[in-house]
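Trainee: Sharing a structure with you now.
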Amino acid sequence: MAETAKIIFDGQEFEYPVFTGSEGEKAIDISKLRGQTGLITLDPGYKNTGATKSAITFLDGENGILRYRGYSIEDLAEKADFLGVAYLLIYGELPNKEQYDNFVGGITRHTLVNEDMRKIFDGFPVNAHPMGVMSSLVSAMCGFYPELFDKSKEENIDHHIVRLMAKLPTLATWCYKKSQGHPINYPQNKLDYCSNFLHMMFALPVEDYHVDPVVASALNKLLILHADHEQNCSTSTVRLVGSSQANLYSSISAGISALWGPLHGGANQEVIEMLEAIKADGGNVKKYIDMAKDKNSNFRLMGFGHRVYKNFDPRARIIKKAADDVLEKLGVNDPILDIARGLEEAALKDDYFVSRKLYPNVDFYSGIIYRALGIPVNMFTVMFAIGRLPGWIAQWLELRNEGQAIGRPRQIYTGHTAREFVPIENR
């Protein structure tokens with residue numbers, strides 16, 4: 001017998017089915033609640049509301065589990081590359097050799113951006129935030145591919161997926177190069193995805209540039225770890241915009257804007273800002289550890305703990321090793337990173353943090369890696385967006401293929417009741 005849940009209201013009893021997911025998660029299906037009772041649920045921030053069913057990502061915060069399409073994040077980070085994981089997220093299965101080669105080959109052939117896009121880009125001031133620029137440029141891509149609006153050519157959607165995967169890193173490097181006053185670098189299609197990005201970021205026309213394989217490997221892992229994370233703010237934004245049948249570029253542009261918010265994509269930036277503040281105050285790690293433990297202090301350690309993971313962030317275990325490898329290989333002498341190491345060591349040994357499971361999370365280590373690579377703080381969220389792109393695409397494609405109804409949240413009105421209009425001369 002199927003499970004049900006009962007709601008008793010105004011002397012009447014209403015019964016609703018309980019839906020069980022493939023990993024045992026249970027949800028009460030209240031889709032008929034308002035029609036039967038006149039009630040709606042109130043759930044600020046949708047913390048307890050399942051807005052959709054999805055077969056893409058499973059996340060168990062209590063037990064520190066993250067899987068893409070059933071594959072553990074540990075296996076994927078160790079054995080796969082970012083584009084292979086992107087294919088898995090978008091199309092549902094790991095690619096065979098032919099599928100992988102076609103997917104990677106298509107992305108490689110589309111890394112160049114239409115030169116007319118440069119005219120739009122050049123209109124932004126040099127100090128424009130790269131996330132605002134990225135959101136605008138992705139939205140502008142709609143105008144360069146009008147066939148996206150032709151319903152008779154919907155089979156072309158794979159071409160648009162490939163274009164986005166190919167061009168977003170190129171656009172990102174434009175933002176960095178402009179901020180440095182350097183000429184942009186065109187893609188080098190002989191390089192793999194991560195190496196090509198690093199070349200476009202850091203190569204200069206006056207000298208040779210060689211991509212360090214340790215750095216490329218660390219970037220590959222970072223992008224995999226950020227590729228999807230269930231129904232977070234930006235992913236939910238992509239799905240909500242996409243539910244209106246908005247095109248792929250518009251939906252991804254909206255996701256980039258949502259990620260830009262400091263409560264979402266800015267966490268690794270906050271880590272570096274915290275470390276810089278500690279350095280400016282003399283670099284006393286113990287002082288700030290004590291402040292973090294003092295309930296009367298407003299100081300909070302950024303990059304420790306996670307609102308979803310109530311155990312160790314599984315992504316942090318993976319990226320900690322990559323961070324150690326990068327710092328050792330590059331031999332970076334940076335007091336900020338020394339402070340980070342001190343905080344990490346203290347927090348992992350201190351009973352206060354261990355008992356509360358306030359471990360360093362993926363944002364802590366990703367901020368350290370980006371800092372070591374010389375990526376400026378205002379580009380951190382851009383790096384996040386490049387990694388999250390395949391997840392956004394997968395979520396948009398899933399709702400499109402399933403014909404999900406347009407999103408339309410309800411509200412509880414708390415404003416004035418009916419009032420008489422007062423002419424302006426009487427106000």
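Starting from 1 in every chain, residues are counted up; chains themselves are A, B, ... following the order of the structure tokens, and ligands are numbered from 1 as listed.
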What lies within 8 Å of A:Val326 using only C-alpha atoms, ignoring chain neighbours under 6 positions off, as a list in words?
Mentor: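 Those residues are Val214, Val215, Ala218, Ile369 and Ala372 of chain A.
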Trainee: Mind running stretch 136-209 of chain A against stretch 114-127 of chain A at 8 Å and telling me each contacting residue's nearest atom pair with the distance in Å (one decimal), counting only C-alpha atoms, chain and number ascending, as a Markdown table?
Mentor:
```
| residue | atom | partner | partner_atom | distance |
| --- | --- | --- | --- | --- |
| A:Leu137 | CA | A:Phe121 | CA | 7.4 |
| A:Lys178 | CA | A:Val126 | CA | 6.3 |
| A:Ser179 | CA | A:Val126 | CA | 5.7 |
```
Trainee: For A:Gln12, please output as a PyMOL selection string all residues within 10 Å (counting only C-alpha atoms; exclusion window: fewer than 4 positions along the same chain).
Mentor: chain A and resi 7-8+37
Trainee: Atoms to include: N, CA and C atoms. Write the selected residues as an mmCIF file, in the first residue's frame.
Mentor:
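Saved file part_28.cif follows:
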```cif
data_model
loop_
_atom_site.group_PDB
_atom_site.id
_atom_site.type_symbol
_atom_site.label_atom_id
_atom_site.label_comp_id
_atom_site.auth_asym_id
_atom_site.auth_seq_id
_atom_site.Cartn_x
_atom_site.Cartn_y
_atom_site.Cartn_z
ATOM 1 N N ILE A 7 -3.532 15.764 6.370
ATOM 2 C CA ILE A 7 -3.624 17.115 6.915
ATOM 3 C C ILE A 7 -5.055 17.309 7.411
ATOM 4 N N ILE A 8 -5.179 17.744 8.658
ATOM 5 C CA ILE A 8 -6.496 18.027 9.238
ATOM 6 C C ILE A 8 -6.644 19.535 9.352
ATOM 7 N N THR A 37 -8.133 22.521 -0.341
ATOM 8 C CA THR A 37 -8.286 23.124 0.985
ATOM 9 C C THR A 37 -8.275 24.648 0.976
#
```
Trainee: Nearest to A:Ala322: which of A:Leu66, A:Leu89, A:Leu198, A:Ala216 is it, counting only C-alpha atoms?
Mentor: A:Ala216
Trainee: What's around A:Ala267 at 9 Å? Count only C-alpha atoms, leave out sequence neighbours fewer than 3 positions away in its own chain, and write the answer as a ChimeraX atom specification.
Mentor: /A:262-264,270-271,302-303,363-364,367,381
Trainee: For A:Ala80, which residue out of A:Pro360, A:Pro390, A:Pro44, A:Pro95 is the nearest one, using only C-alpha atoms?
Mentor: A:Pro95
Trainee: Quick one: of A:Gly105, A:Lys279, A:Tyr145, A:Asp60, who's nearest to A:Gly24, counting only C-alpha atoms?
Mentor: A:Asp60
Trainee: One number please: atom CA of A:Gly106 to atom CA of A:Phe197, in Å, one decimal.
Mentor: 16.3 Å
Trainee: Could you pull out the helix (DSSP H, G or I) residues of stretch 148-326 of chain A, going by DSSP on the backbone, and write them as a ChimeraX atom specification?
Mentor: /A:148-149,151-180,193-202,213-225,233-242,248-260,267-280,285-293,314-326
Trainee: Using only C-alpha atoms, pick whichever of A:Cys233, A:Ala5, A:Leu337, A:Ala86 has the shortest atom-to-atom distance to A:Ala27.
Mentor: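 Answer, going by the shortest atom-to-atom distance: A:Ala5.
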Trainee: Residues of stretch 32-114 of chain A classed as strand (DSSP E) by DSSP on the backbone are to be reported as a PyMOL selection string.
Mentor: chain A and resi 57-60+65-68+71-72
Trainee: From the list A:Gly266, A:Gly387, A:Gly261, A:Gly70, which residue is nearest A:Glu23 when using only C-alpha atoms?
Mentor: A:Gly70
Trainee: Could you tell me how far atom CA of A:His229 lies from atom CA of A:Met383, in Å and to one decimal?
Mentor: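 So the two atoms, atom CA of A:His229 and atom CA of A:Met383, lie 15.3 Å apart.
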Trainee: With only C-alpha atoms as the atoms that count, which of A:Leu223, A:Asn311, A:Leu397, A:Asp10 lies nearest to A:Ser366?
Mentor: A:Leu223
Trainee: Quick one: pull the distance between atom CA of A:Ala340 and atom CA of A:His306, Å, one decimal.
Mentor: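 Spanning atom CA of A:Ala340 to atom CA of A:His306 is a straight-line distance of 17.7 Å.
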Trainee: Identify, on the basis of only C-alpha atoms, every residue whose closest approach to stretch 284-298 of chain A does not exceed 9 Å; exclude the query and any residue fewer than 3 positions from it along the same chain; express the result as JSON, numbers by chain.
Mentor: {"A": [278, 279, 281, 301, 339, 340, 342, 343, 346, 347, 352, 353]}
Trainee: Just want the 10 Å neighbourhood of A:Arg371, counted on only C-alpha atoms, with same-chain residues fewer than 3 positions away dropped. Output as a PDB file with C-alpha atoms, in the first residue's frame.
Mentor:
```pdb
ATOM      1  CA  GLN A 269      36.267  35.434  -2.219  1.00  0.00           C
ATOM      2  CA  ILE A 272      40.683  35.561   0.911  1.00  0.00           C
ATOM      3  CA  VAL A 332      54.526  30.384  -3.586  1.00  0.00           C
ATOM      4  CA  ASP A 334      52.680  34.389   0.341  1.00  0.00           C
ATOM      5  CA  ILE A 336      48.204  35.108   3.215  1.00  0.00           C
ATOM      6  CA  LEU A 337      48.554  31.428   2.336  1.00  0.00           C
ATOM      7  CA  TYR A 365      40.690  25.408  -0.600  1.00  0.00           C
ATOM      8  CA  SER A 366      39.506  26.800  -3.945  1.00  0.00           C
ATOM      9  CA  GLY A 367      40.235  30.329  -2.713  1.00  0.00           C
ATOM     10  CA  ILE A 368      43.743  29.239  -1.751  1.00  0.00           C
ATOM     11  CA  GLY A 374      47.461  34.658  -9.422  1.00  0.00           C
ATOM     12  CA  ILE A 375      43.757  34.822 -10.236  1.00  0.00           C
ATOM     13  CA  PRO A 376      42.346  38.065  -8.771  1.00  0.00           C
ATOM     14  CA  VAL A 377      39.559  37.923  -6.218  1.00  0.00           C
ATOM     15  CA  PHE A 380      36.834  33.802  -8.310  1.00  0.00           C
TER      16      PHE A 380
END
```
